[in-house]
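J.: So here's coords-v7.cif, just mmCIF, C-alpha atoms:
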```
data_query
#
loop_
_atom_site.group_PDB
_atom_site.id
_atom_site.type_symbol
_atom_site.label_atom_id
_atom_site.label_comp_id
_atom_site.auth_asym_id
_atom_site.auth_seq_id
_atom_site.Cartn_x
_atom_site.Cartn_y
_atom_site.Cartn_z
ATOM 1 C CA GLY A 1 -3.574 6.951 2.112
ATOM 2 C CA ILE A 2 -0.175 5.673 1.121
ATOM 3 C CA GLN A 3 1.538 7.343 -1.849
ATOM 4 C CA VAL A 4 3.445 5.229 -4.370
ATOM 5 C CA GLU A 5 5.709 6.980 -6.853
ATOM 6 C CA GLN A 6 7.583 5.323 -9.669
ATOM 7 C CA SER A 7 10.462 6.689 -11.695
ATOM 8 C CA PRO A 8 11.217 7.296 -14.417
ATOM 9 C CA PRO A 9 7.739 7.572 -15.944
ATOM 10 C CA ASP A 10 9.089 6.737 -19.407
ATOM 11 C CA LEU A 11 12.225 4.957 -20.559
ATOM 12 C CA ILE A 12 13.591 4.091 -23.989
ATOM 13 C CA LEU A 13 16.415 1.568 -24.182
ATOM 14 C CA GLN A 14 18.506 0.064 -26.922
ATOM 15 C CA GLU A 15 18.293 -3.711 -26.939
ATOM 16 C CA GLY A 16 21.026 -5.135 -24.697
ATOM 17 C CA ALA A 17 21.141 -2.166 -22.329
ATOM 18 C CA ASN A 18 20.566 -2.347 -18.569
ATOM 19 C CA SER A 19 18.112 -0.282 -16.522
ATOM 20 C CA THR A 20 16.928 0.399 -12.989
ATOM 21 C CA LEU A 21 13.328 1.254 -12.146
ATOM 22 C CA ARG A 22 12.471 2.750 -8.776
ATOM 23 C CA CYS A 23 9.394 2.603 -6.534
ATOM 24 C CA ASN A 24 9.134 4.936 -3.525
ATOM 25 C CA PHE A 25 6.362 4.614 -0.966
ATOM 26 C CA SER A 26 5.318 6.983 1.777
ATOM 27 C CA ASP A 27 4.569 4.561 4.632
ATOM 28 C CA SER A 28 5.703 1.197 5.939
ATOM 29 C CA VAL A 29 4.437 -1.784 3.959
ATOM 30 C CA ASN A 30 4.020 -5.482 4.519
ATOM 31 C CA ASN A 31 3.461 -6.458 0.907
ATOM 32 C CA LEU A 32 5.165 -5.277 -2.284
ATOM 33 C CA GLN A 33 4.890 -6.731 -5.754
ATOM 34 C CA TRP A 34 6.329 -5.861 -9.166
ATOM 35 C CA PHE A 35 4.268 -6.505 -12.295
ATOM 36 C CA HIS A 36 4.875 -6.236 -16.020
ATOM 37 C CA GLN A 37 1.900 -5.225 -18.144
ATOM 38 C CA ASN A 38 2.637 -6.323 -21.691
ATOM 39 C CA PRO A 39 1.410 -4.461 -24.794
ATOM 40 C CA TRP A 40 -1.683 -6.724 -24.875
ATOM 41 C CA GLY A 41 -2.695 -5.593 -21.396
ATOM 42 C CA GLN A 42 -1.859 -8.783 -19.534
ATOM 43 C CA LEU A 43 -0.450 -8.350 -16.001
ATOM 44 C CA ILE A 44 2.456 -10.660 -15.303
ATOM 45 C CA ASN A 45 3.823 -11.275 -11.811
ATOM 46 C CA LEU A 46 7.526 -10.537 -11.585
ATOM 47 C CA PHE A 47 8.359 -10.464 -7.880
ATOM 48 C CA TYR A 48 6.665 -10.644 -4.505
ATOM 49 C CA ILE A 49 9.266 -8.816 -2.423
ATOM 50 C CA PRO A 50 8.241 -7.016 0.795
ATOM 51 C CA SER A 51 11.935 -6.981 1.772
ATOM 52 C CA GLY A 52 15.297 -8.279 0.611
ATOM 53 C CA THR A 53 16.588 -9.220 -2.823
ATOM 54 C CA LYS A 54 15.384 -11.725 -5.396
ATOM 55 C CA GLN A 55 16.577 -12.676 -8.851
ATOM 56 C CA ASN A 56 14.852 -14.356 -11.761
ATOM 57 C CA GLY A 57 16.953 -14.652 -14.895
ATOM 58 C CA ARG A 58 17.759 -11.196 -16.267
ATOM 59 C CA LEU A 59 15.520 -9.498 -13.707
ATOM 60 C CA SER A 60 16.212 -8.820 -10.072
ATOM 61 C CA ALA A 61 14.559 -6.727 -7.381
ATOM 62 C CA THR A 62 15.568 -5.239 -4.061
ATOM 63 C CA THR A 63 13.291 -3.756 -1.419
ATOM 64 C CA VAL A 64 14.710 -1.695 1.444
ATOM 65 C CA ALA A 65 11.614 -1.486 3.610
ATOM 66 C CA THR A 66 13.218 0.710 6.289
ATOM 67 C CA GLU A 67 14.004 3.356 3.657
ATOM 68 C CA ARG A 68 10.702 2.890 1.827
ATOM 69 C CA TYR A 69 11.825 2.045 -1.660
ATOM 70 C CA SER A 70 12.179 -0.846 -4.066
ATOM 71 C CA LEU A 71 14.291 -1.226 -7.205
ATOM 72 C CA LEU A 72 13.752 -3.412 -10.249
ATOM 73 C CA TYR A 73 16.820 -4.188 -12.361
ATOM 74 C CA ILE A 74 16.561 -5.296 -15.958
ATOM 75 C CA SER A 75 19.779 -6.506 -17.552
ATOM 76 C CA SER A 76 20.482 -7.183 -21.228
ATOM 77 C CA SER A 77 17.059 -5.837 -22.182
ATOM 78 C CA GLN A 78 15.075 -7.442 -25.007
ATOM 79 C CA THR A 79 12.221 -6.091 -27.118
ATOM 80 C CA THR A 80 9.871 -8.438 -25.258
ATOM 81 C CA ASP A 81 10.611 -6.458 -22.074
ATOM 82 C CA SER A 82 8.617 -3.528 -23.502
ATOM 83 C CA GLY A 83 5.470 -2.551 -21.647
ATOM 84 C CA VAL A 84 4.594 -0.901 -18.354
ATOM 85 C CA TYR A 85 6.121 -1.906 -15.034
ATOM 86 C CA PHE A 86 4.056 -1.387 -11.896
ATOM 87 C CA CYS A 87 4.848 -1.749 -8.241
ATOM 88 C CA ALA A 88 1.971 -2.363 -5.829
ATOM 89 C CA VAL A 89 2.027 -2.167 -2.042
ATOM 90 C CA VAL A 90 -0.116 -2.879 0.997
ATOM 91 C CA ARG A 91 0.440 -0.488 3.881
ATOM 92 C CA SER A 92 1.278 -2.159 7.188
ATOM 93 C CA GLY A 93 -1.979 -2.461 9.075
ATOM 94 C CA GLY A 94 -3.844 -1.613 5.884
ATOM 95 C CA TYR A 95 -5.341 -5.075 5.692
ATOM 96 C CA GLN A 96 -5.492 -5.902 2.011
ATOM 97 C CA LYS A 97 -5.988 -2.501 0.439
ATOM 98 C CA VAL A 98 -3.530 -2.570 -2.417
ATOM 99 C CA THR A 99 -2.172 0.665 -3.883
ATOM 100 C CA PHE A 100 -0.536 0.684 -7.305
ATOM 101 C CA GLY A 101 2.067 3.126 -8.539
ATOM 102 C CA THR A 102 1.488 4.958 -11.828
ATOM 103 C CA GLY A 103 4.048 2.825 -13.626
ATOM 104 C CA THR A 104 7.170 3.103 -15.767
ATOM 105 C CA LYS A 105 6.578 2.740 -19.487
ATOM 106 C CA LEU A 106 9.535 0.952 -21.070
ATOM 107 C CA GLN A 107 10.244 0.726 -24.763
ATOM 108 C CA VAL A 108 13.138 -1.446 -25.929
ATOM 109 C CA ILE A 109 14.203 -0.765 -29.492
ATOM 110 C CA PRO A 110 16.247 -3.149 -31.667
ATOM 111 C CA ASN B 111 -5.367 -25.121 -13.768
ATOM 112 C CA ALA B 112 -6.863 -22.020 -15.405
ATOM 113 C CA GLY B 113 -5.800 -19.529 -12.701
ATOM 114 C CA VAL B 114 -8.081 -16.471 -12.669
ATOM 115 C CA THR B 115 -10.741 -16.259 -15.373
ATOM 116 C CA GLN B 116 -13.028 -13.336 -16.225
ATOM 117 C CA THR B 117 -16.101 -12.993 -18.388
ATOM 118 C CA PRO B 118 -16.888 -11.264 -20.619
ATOM 119 C CA LYS B 119 -13.690 -10.052 -22.328
ATOM 120 C CA PHE B 120 -15.414 -7.076 -23.949
ATOM 121 C CA GLN B 121 -18.711 -5.291 -23.314
ATOM 122 C CA VAL B 122 -20.443 -2.173 -24.617
ATOM 123 C CA LEU B 123 -23.276 -0.696 -22.549
ATOM 124 C CA LYS B 124 -25.562 2.275 -22.921
ATOM 125 C CA THR B 125 -25.805 4.755 -20.063
ATOM 126 C CA GLY B 126 -28.186 3.434 -17.415
ATOM 127 C CA GLN B 127 -27.900 -0.234 -18.347
ATOM 128 C CA SER B 128 -26.759 -2.784 -15.788
ATOM 129 C CA MET B 129 -24.380 -5.706 -16.025
ATOM 130 C CA THR B 130 -22.388 -8.154 -13.927
ATOM 131 C CA LEU B 131 -18.736 -9.021 -14.460
ATOM 132 C CA GLN B 132 -17.837 -12.536 -13.419
ATOM 133 C CA CYS B 133 -14.563 -13.749 -11.921
ATOM 134 C CA ALA B 134 -13.495 -17.224 -10.836
ATOM 135 C CA GLN B 135 -10.249 -18.691 -9.500
ATOM 136 C CA ASP B 136 -9.140 -22.287 -9.068
ATOM 137 C CA MET B 137 -6.098 -21.730 -6.832
ATOM 138 C CA ASN B 138 -7.962 -22.119 -3.516
ATOM 139 C CA HIS B 139 -7.168 -18.502 -2.595
ATOM 140 C CA ASN B 140 -8.992 -16.886 0.303
ATOM 141 C CA SER B 141 -8.873 -13.317 -0.974
ATOM 142 C CA MET B 142 -10.254 -11.832 -4.182
ATOM 143 C CA TYR B 143 -10.147 -8.307 -5.610
ATOM 144 C CA TRP B 144 -11.665 -6.070 -8.282
ATOM 145 C CA TYR B 145 -9.656 -3.243 -9.858
ATOM 146 C CA ARG B 146 -10.205 -0.740 -12.612
ATOM 147 C CA GLN B 147 -7.515 0.657 -14.906
ATOM 148 C CA ASP B 148 -8.104 3.892 -16.786
ATOM 149 C CA PRO B 149 -5.935 4.864 -19.775
ATOM 150 C CA GLY B 150 -2.369 5.718 -18.822
ATOM 151 C CA MET B 151 -2.927 4.970 -15.166
ATOM 152 C CA GLY B 152 -2.215 2.300 -12.616
ATOM 153 C CA LEU B 153 -4.862 0.035 -11.160
ATOM 154 C CA ARG B 154 -7.257 1.260 -8.476
ATOM 155 C CA LEU B 155 -8.956 -1.073 -6.026
ATOM 156 C CA ILE B 156 -12.762 -1.077 -6.200
ATOM 157 C CA TYR B 157 -13.689 -3.814 -3.696
ATOM 158 C CA TYR B 158 -12.017 -6.780 -2.108
ATOM 159 C CA SER B 159 -13.093 -9.898 -0.257
ATOM 160 C CA ALA B 160 -10.773 -11.261 2.429
ATOM 161 C CA SER B 161 -12.698 -14.503 2.699
ATOM 162 C CA GLU B 162 -15.932 -16.130 1.654
ATOM 163 C CA GLY B 163 -18.859 -14.115 2.993
ATOM 164 C CA THR B 164 -16.969 -10.858 3.530
ATOM 165 C CA THR B 165 -16.477 -7.825 1.295
ATOM 166 C CA ASP B 166 -14.893 -4.410 1.870
ATOM 167 C CA LYS B 167 -14.622 -1.158 -0.025
ATOM 168 C CA GLY B 168 -11.441 -0.174 -1.743
ATOM 169 C CA GLU B 169 -10.382 3.200 -3.133
ATOM 170 C CA VAL B 170 -13.171 3.728 -5.720
ATOM 171 C CA PRO B 171 -16.317 1.762 -4.699
ATOM 172 C CA ASN B 172 -19.024 4.241 -5.749
ATOM 173 C CA GLY B 173 -21.349 2.922 -8.458
ATOM 174 C CA TYR B 174 -20.413 -0.725 -7.893
ATOM 175 C CA ASN B 175 -21.631 -3.692 -5.867
ATOM 176 C CA VAL B 176 -19.937 -7.038 -5.317
ATOM 177 C CA SER B 177 -20.898 -10.539 -4.296
ATOM 178 C CA ARG B 178 -18.572 -13.250 -3.022
ATOM 179 C CA LEU B 179 -20.686 -16.141 -4.200
ATOM 180 C CA ASN B 180 -18.401 -18.834 -2.804
ATOM 181 C CA LYS B 181 -14.674 -19.326 -2.340
ATOM 182 C CA ARG B 182 -14.065 -19.510 -6.095
ATOM 183 C CA GLU B 183 -16.269 -16.720 -7.450
ATOM 184 C CA PHE B 184 -16.413 -12.949 -6.966
ATOM 185 C CA SER B 185 -18.718 -10.833 -9.127
ATOM 186 C CA LEU B 186 -18.852 -7.082 -9.764
ATOM 187 C CA ARG B 187 -22.150 -5.415 -10.638
ATOM 188 C CA LEU B 188 -22.820 -2.056 -12.238
ATOM 189 C CA GLU B 189 -26.450 -1.183 -11.463
ATOM 190 C CA SER B 190 -26.713 1.898 -13.687
ATOM 191 C CA ALA B 191 -23.691 2.301 -15.926
ATOM 192 C CA ALA B 192 -22.204 5.755 -16.532
ATOM 193 C CA PRO B 193 -19.619 6.889 -19.120
ATOM 194 C CA SER B 194 -17.169 7.480 -16.238
ATOM 195 C CA GLN B 195 -17.153 3.709 -15.689
ATOM 196 C CA THR B 196 -15.580 3.105 -19.090
ATOM 197 C CA SER B 197 -12.417 1.263 -18.133
ATOM 198 C CA VAL B 198 -10.606 -2.053 -18.097
ATOM 199 C CA TYR B 199 -11.611 -4.178 -15.126
ATOM 200 C CA PHE B 200 -9.261 -6.710 -13.584
ATOM 201 C CA CYS B 201 -10.018 -9.402 -11.047
ATOM 202 C CA ALA B 202 -7.263 -10.842 -8.854
ATOM 203 C CA SER B 203 -6.909 -13.470 -6.158
ATOM 204 C CA GLY B 204 -4.327 -14.430 -3.533
ATOM 205 C CA PHE B 205 -3.719 -15.768 -0.069
ATOM 206 C CA ARG B 206 -4.241 -13.199 2.669
ATOM 207 C CA GLY B 207 -1.382 -10.742 2.714
ATOM 208 C CA GLY B 208 0.405 -12.589 -0.051
ATOM 209 C CA GLU B 209 1.051 -12.454 -3.753
ATOM 210 C CA GLN B 210 -1.839 -11.566 -6.052
ATOM 211 C CA TYR B 211 -2.578 -13.164 -9.427
ATOM 212 C CA PHE B 212 -4.542 -11.335 -12.083
ATOM 213 C CA GLY B 213 -7.120 -12.337 -14.664
ATOM 214 C CA PRO B 214 -6.980 -11.179 -18.296
ATOM 215 C CA GLY B 215 -9.329 -8.220 -17.823
ATOM 216 C CA THR B 216 -12.688 -7.030 -19.166
ATOM 217 C CA ARG B 217 -12.738 -4.015 -21.457
ATOM 218 C CA LEU B 218 -15.966 -2.072 -20.783
ATOM 219 C CA THR B 219 -17.239 0.878 -22.803
ATOM 220 C CA VAL B 220 -20.267 2.892 -21.665
ATOM 221 C CA THR B 221 -21.772 5.185 -24.318
#
```
Render the structure in this file as structure tokens.

T.:
Amino acid sequence: GIQVEQSPPDLILQEGANSTLRCNFSDSVNNLQWFHQNPWGQLINLFYIPSGTKQNGRLSATTVATERYSLLYISSSQTTDSGVYFCAVVRSGGYQKVTFGTGTKLQVIP
Amino acid sequence: NAGVTQTPKFQVLKTGQSMTLQCAQDMNHNSMYWYRQDPGMGLRLIYYSASEGTTDKGEVPNGYNVSRLNKREFSLRLESAAPSQTSVYFCASGFRGGEQYFGPGTRLTVT
């Protein structure tokens, strides 16, 4: 099956700093999402981005499907950004079988 | 508009007991999904249903059965629970090939 790798696995930031999270995938995809899992376990949709660039406030994401990676940018980080960030993909032709990456655990300290 | 709801929120079972996790969505989505999340890991797909009346296996289907009761509801059944099924279970829904929305999860412990 498709492999989804996220980096870095862990990240500690000072409040106000910027960061870039990466998601690499081993096959072509027709669906890619970024999620934030907060410390209470809730999964929050950030972006649905199979290709291109999107922005939502301090967060933005870019997917370069031809090179099989996606990036999530967090600017001016806040303590509420802490949690785990997951990307999830559906391989092209893979119907709806979703594969999650193992996540990036982010801690933002005041 | 409640989105995706799951019941129960917490459950403790003894080995060999059975139970059904319930999921419902009010967004008129065609597709529904069940995932499990083990500590420190991402989510793994157990089963999915592309439309009412259809179900398909995901990555880790062994030990589980599902029923797509109607367009709104998708249940997950453990016939004979095992300690290896201790996990957090998430239900999700979405339009085919599109964005998925997740429920709050069910934390299951099997002793």

J.: Which polymer residues have any atom within 12 Å of an atom of Gln107 of chain A, counting only C-alpha atoms, with same-chain residues fewer than 2 positions away left out, as a list of chain:residue names?

T.: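 With the cut-off at 12 Å, the set is A:Pro9, A:Asp10, A:Leu11, A:Ile12, A:Leu13, A:Gln14, A:Glu15, A:Ala17, A:Ser19, A:Asn38, A:Pro39, A:Ser77, A:Gln78, A:Thr79, A:Thr80, A:Asp81, A:Ser82, A:Gly83, A:Val84, A:Tyr85, A:Thr104, A:Lys105, A:Ile109, A:Pro110.
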
J.: Please, what distance in Å, to one decimal, runs between atom CA of Leu46 of chain A and atom CA of Gln33 of chain A?

T.: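 Separating atom CA of Leu46 of chain A from atom CA of Gln33 of chain A is a distance of 7.4 Å.
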
J.: With 6 Å on each side, where is the centre of the axis-aligned box around all listed atoms of segment 9-12 of chain A, and how long are its edges in Å to one decimal, as JSON?

T.:
```
{"center_x": 10.7, "center_y": 5.8, "center_z": -20.0, "size_x": 17.9, "size_y": 15.5, "size_z": 20.0}
```

J.: Tell me which residues the PyMOL selection byres ((chain A) within 10 of (chain B)) grabs here, as a PyMOL selection string.

T.: chain A and resi 1+30-33+35+40-45+47-50+84-88+90+94-105

J.: Taking 6 positions as the minimum chain separation for residues in the same chain, which residues sit within 7 Å of segment 57-61 of chain A when counting only C-alpha atoms? Answer as a list in words.

T.: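 Once the nearby chain positions are removed, what remains is Leu71, Leu72, Tyr73, Ile74, Ser75 and Ser76 of chain A.
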
J.: Starting from the PyMOL selection byres ((chain B and resi 178-184) around 8), expand the selection into actual residues of this file and give them as a list in words.

T.: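 Taken over the shown coordinates, the PyMOL selection byres ((chain B and resi 178-184) around 8) returns Gln132, Cys133, Ala134, Gln135, Asp136, Asn138, His139, Asn140, Met142, Tyr143, Ser159, Ser161, Glu162, Gly163, Thr164, Thr165, Val176, Ser177, Ser185 and Leu186 of chain B.
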
J.: Tell me, counting all atoms listed in the file, for each residue of segment 174-197 of chain B within 9 Å of segment 113-131 of chain B, which pair of atoms is nearest and how far apart they are in Å to one decimal, in rows ordered by chain and increasing number, as CSV.

T.:
```
residue,atom,partner,partner_atom,distance
B:Phe184,CA,B:Leu131,CA,8.8
B:Ser185,CA,B:Leu131,CA,5.6
B:Leu186,CA,B:Leu131,CA,5.1
B:Arg187,CA,B:Thr130,CA,4.3
B:Leu188,CA,B:Ser128,CA,5.4
B:Glu189,CA,B:Ser128,CA,4.6
B:Ser190,CA,B:Gly126,CA,4.3
B:Ala191,CA,B:Gly126,CA,4.9
B:Ala192,CA,B:Thr125,CA,5.1
B:Pro193,CA,B:Thr125,CA,6.6
```

J.: Record the distance separating atom CA of Ser92 of chain A and atom CA of Ile2 of chain A, expressed in Å with one decimal.

T.: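 About the pair atom CA of Ser92 of chain A and atom CA of Ile2 of chain A: they are 10.0 Å apart.
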
J.: Just want the 9 Å neighbourhood of Thr196 of chain B, counted on all atoms listed in the file, with same-chain residues fewer than 4 positions away dropped. Output as a list in words.

T.: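 Here the answer would be Asp148, Ala191, Ala192, Arg217, Leu218, Thr219, Val220 and Thr221 of chain B.
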
J.: For the selection just defined, write its residues with C-alpha atoms to a file, as a PDB file, keeping the file's coordinate frame.

T.:
```pdb
ATOM      1  CA  ASP B 148      -8.104   3.892 -16.786  1.00  0.00           C
ATOM      2  CA  ALA B 191     -23.691   2.301 -15.926  1.00  0.00           C
ATOM      3  CA  ALA B 192     -22.204   5.755 -16.532  1.00  0.00           C
ATOM      4  CA  ARG B 217     -12.738  -4.015 -21.457  1.00  0.00           C
ATOM      5  CA  LEU B 218     -15.966  -2.072 -20.783  1.00  0.00           C
ATOM      6  CA  THR B 219     -17.239   0.878 -22.803  1.00  0.00           C
ATOM      7  CA  VAL B 220     -20.267   2.892 -21.665  1.00  0.00           C
ATOM      8  CA  THR B 221     -21.772   5.185 -24.318  1.00  0.00           C
TER       9      THR B 221
END
```

J.: What is the distance, in Å and to one decimal place, between atom CA of Cys201 of chain B and atom CA of Tyr174 of chain B?

T.: 13.9 Å

J.: Please complete segment 136-167 of chain B with N, CA and C atoms and give it back as a PDB file, keeping the file's coordinate frame.

T.:
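After the write, result25.pdb holds the following:
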```
ATOM      1  N   ASP B 136      -9.223 -20.872  -9.449  1.00  0.00           N
ATOM      2  CA  ASP B 136      -9.140 -22.287  -9.068  1.00  0.00           C
ATOM      3  C   ASP B 136      -7.870 -22.579  -8.286  1.00  0.00           C
ATOM      4  N   MET B 137      -7.338 -21.567  -7.583  1.00  0.00           N
ATOM      5  CA  MET B 137      -6.098 -21.730  -6.832  1.00  0.00           C
ATOM      6  C   MET B 137      -6.339 -21.842  -5.329  1.00  0.00           C
ATOM      7  N   ASN B 138      -7.589 -21.968  -4.927  1.00  0.00           N
ATOM      8  CA  ASN B 138      -7.962 -22.119  -3.516  1.00  0.00           C
ATOM      9  C   ASN B 138      -7.560 -20.904  -2.683  1.00  0.00           C
ATOM     10  N   HIS B 139      -7.527 -19.721  -3.310  1.00  0.00           N
ATOM     11  CA  HIS B 139      -7.168 -18.502  -2.595  1.00  0.00           C
ATOM     12  C   HIS B 139      -8.326 -18.028  -1.727  1.00  0.00           C
ATOM     13  N   ASN B 140      -7.959 -17.421  -0.583  1.00  0.00           N
ATOM     14  CA  ASN B 140      -8.992 -16.886   0.303  1.00  0.00           C
ATOM     15  C   ASN B 140      -9.487 -15.520  -0.166  1.00  0.00           C
ATOM     16  N   SER B 141      -8.563 -14.713  -0.676  1.00  0.00           N
ATOM     17  CA  SER B 141      -8.873 -13.317  -0.974  1.00  0.00           C
ATOM     18  C   SER B 141      -9.063 -13.095  -2.472  1.00  0.00           C
ATOM     19  N   MET B 142     -10.020 -12.212  -2.781  1.00  0.00           N
ATOM     20  CA  MET B 142     -10.254 -11.832  -4.182  1.00  0.00           C
ATOM     21  C   MET B 142     -10.476 -10.334  -4.266  1.00  0.00           C
ATOM     22  N   TYR B 143     -10.191  -9.755  -5.439  1.00  0.00           N
ATOM     23  CA  TYR B 143     -10.147  -8.307  -5.610  1.00  0.00           C
ATOM     24  C   TYR B 143     -10.722  -7.905  -6.968  1.00  0.00           C
ATOM     25  N   TRP B 144     -11.301  -6.699  -7.014  1.00  0.00           N
ATOM     26  CA  TRP B 144     -11.665  -6.070  -8.282  1.00  0.00           C
ATOM     27  C   TRP B 144     -10.957  -4.717  -8.387  1.00  0.00           C
ATOM     28  N   TYR B 145     -10.341  -4.486  -9.564  1.00  0.00           N
ATOM     29  CA  TYR B 145      -9.656  -3.243  -9.858  1.00  0.00           C
ATOM     30  C   TYR B 145     -10.209  -2.663 -11.154  1.00  0.00           C
ATOM     31  N   ARG B 146     -10.001  -1.361 -11.324  1.00  0.00           N
ATOM     32  CA  ARG B 146     -10.205  -0.740 -12.612  1.00  0.00           C
ATOM     33  C   ARG B 146      -8.921  -0.044 -13.038  1.00  0.00           C
ATOM     34  N   GLN B 147      -8.687  -0.029 -14.360  1.00  0.00           N
ATOM     35  CA  GLN B 147      -7.515   0.657 -14.906  1.00  0.00           C
ATOM     36  C   GLN B 147      -7.988   1.586 -16.014  1.00  0.00           C
ATOM     37  N   ASP B 148      -7.775   2.881 -15.800  1.00  0.00           N
ATOM     38  CA  ASP B 148      -8.104   3.892 -16.786  1.00  0.00           C
ATOM     39  C   ASP B 148      -6.872   4.166 -17.630  1.00  0.00           C
ATOM     40  N   PRO B 149      -7.065   4.688 -18.849  1.00  0.00           N
ATOM     41  CA  PRO B 149      -5.935   4.864 -19.775  1.00  0.00           C
ATOM     42  C   PRO B 149      -4.773   5.617 -19.155  1.00  0.00           C
ATOM     43  N   GLY B 150      -3.581   5.057 -19.302  1.00  0.00           N
ATOM     44  CA  GLY B 150      -2.369   5.718 -18.822  1.00  0.00           C
ATOM     45  C   GLY B 150      -2.201   5.733 -17.325  1.00  0.00           C
ATOM     46  N   MET B 151      -2.987   4.946 -16.624  1.00  0.00           N
ATOM     47  CA  MET B 151      -2.927   4.970 -15.166  1.00  0.00           C
ATOM     48  C   MET B 151      -2.675   3.584 -14.598  1.00  0.00           C
ATOM     49  N   GLY B 152      -2.338   3.562 -13.324  1.00  0.00           N
ATOM     50  CA  GLY B 152      -2.215   2.300 -12.616  1.00  0.00           C
ATOM     51  C   GLY B 152      -3.588   1.767 -12.247  1.00  0.00           C
ATOM     52  N   LEU B 153      -3.608   0.650 -11.557  1.00  0.00           N
ATOM     53  CA  LEU B 153      -4.862   0.035 -11.160  1.00  0.00           C
ATOM     54  C   LEU B 153      -5.353   0.630  -9.852  1.00  0.00           C
ATOM     55  N   ARG B 154      -6.664   0.777  -9.721  1.00  0.00           N
ATOM     56  CA  ARG B 154      -7.257   1.260  -8.476  1.00  0.00           C
ATOM     57  C   ARG B 154      -8.229   0.212  -7.947  1.00  0.00           C
ATOM     58  N   LEU B 155      -8.158  -0.032  -6.657  1.00  0.00           N
ATOM     59  CA  LEU B 155      -8.956  -1.073  -6.026  1.00  0.00           C
ATOM     60  C   LEU B 155     -10.395  -0.608  -5.857  1.00  0.00           C
ATOM     61  N   ILE B 156     -11.342  -1.410  -6.329  1.00  0.00           N
ATOM     62  CA  ILE B 156     -12.762  -1.077  -6.200  1.00  0.00           C
ATOM     63  C   ILE B 156     -13.330  -1.724  -4.928  1.00  0.00           C
ATOM     64  N   TYR B 157     -13.242  -3.032  -4.853  1.00  0.00           N
ATOM     65  CA  TYR B 157     -13.689  -3.814  -3.696  1.00  0.00           C
ATOM     66  C   TYR B 157     -12.754  -5.007  -3.539  1.00  0.00           C
ATOM     67  N   TYR B 158     -12.716  -5.538  -2.319  1.00  0.00           N
ATOM     68  CA  TYR B 158     -12.017  -6.780  -2.108  1.00  0.00           C
ATOM     69  C   TYR B 158     -12.800  -7.647  -1.132  1.00  0.00           C
ATOM     70  N   SER B 159     -12.450  -8.935  -1.143  1.00  0.00           N
ATOM     71  CA  SER B 159     -13.093  -9.898  -0.257  1.00  0.00           C
ATOM     72  C   SER B 159     -11.994 -10.721   0.392  1.00  0.00           C
ATOM     73  N   ALA B 160     -11.850 -10.568   1.711  1.00  0.00           N
ATOM     74  CA  ALA B 160     -10.773 -11.261   2.429  1.00  0.00           C
ATOM     75  C   ALA B 160     -11.056 -12.752   2.572  1.00  0.00           C
ATOM     76  N   SER B 161     -12.330 -13.094   2.579  1.00  0.00           N
ATOM     77  CA  SER B 161     -12.698 -14.503   2.699  1.00  0.00           C
ATOM     78  C   SER B 161     -14.143 -14.646   2.250  1.00  0.00           C
ATOM     79  N   GLU B 162     -14.560 -15.869   2.067  1.00  0.00           N
ATOM     80  CA  GLU B 162     -15.932 -16.130   1.654  1.00  0.00           C
ATOM     81  C   GLU B 162     -16.895 -15.493   2.652  1.00  0.00           C
ATOM     82  N   GLY B 163     -17.856 -14.730   2.136  1.00  0.00           N
ATOM     83  CA  GLY B 163     -18.859 -14.115   2.993  1.00  0.00           C
ATOM     84  C   GLY B 163     -18.531 -12.713   3.460  1.00  0.00           C
ATOM     85  N   THR B 164     -17.339 -12.217   3.125  1.00  0.00           N
ATOM     86  CA  THR B 164     -16.969 -10.858   3.530  1.00  0.00           C
ATOM     87  C   THR B 164     -16.557 -10.038   2.323  1.00  0.00           C
ATOM     88  N   THR B 165     -16.932  -8.747   2.334  1.00  0.00           N
ATOM     89  CA  THR B 165     -16.477  -7.825   1.295  1.00  0.00           C
ATOM     90  C   THR B 165     -16.190  -6.471   1.941  1.00  0.00           C
ATOM     91  N   ASP B 166     -15.253  -5.738   1.350  1.00  0.00           N
ATOM     92  CA  ASP B 166     -14.893  -4.410   1.870  1.00  0.00           C
ATOM     93  C   ASP B 166     -14.612  -3.463   0.724  1.00  0.00           C
ATOM     94  N   LYS B 167     -14.849  -2.175   0.989  1.00  0.00           N
ATOM     95  CA  LYS B 167     -14.622  -1.158  -0.025  1.00  0.00           C
ATOM     96  C   LYS B 167     -13.135  -0.893  -0.194  1.00  0.00           C
TER      97      LYS B 167
END
```
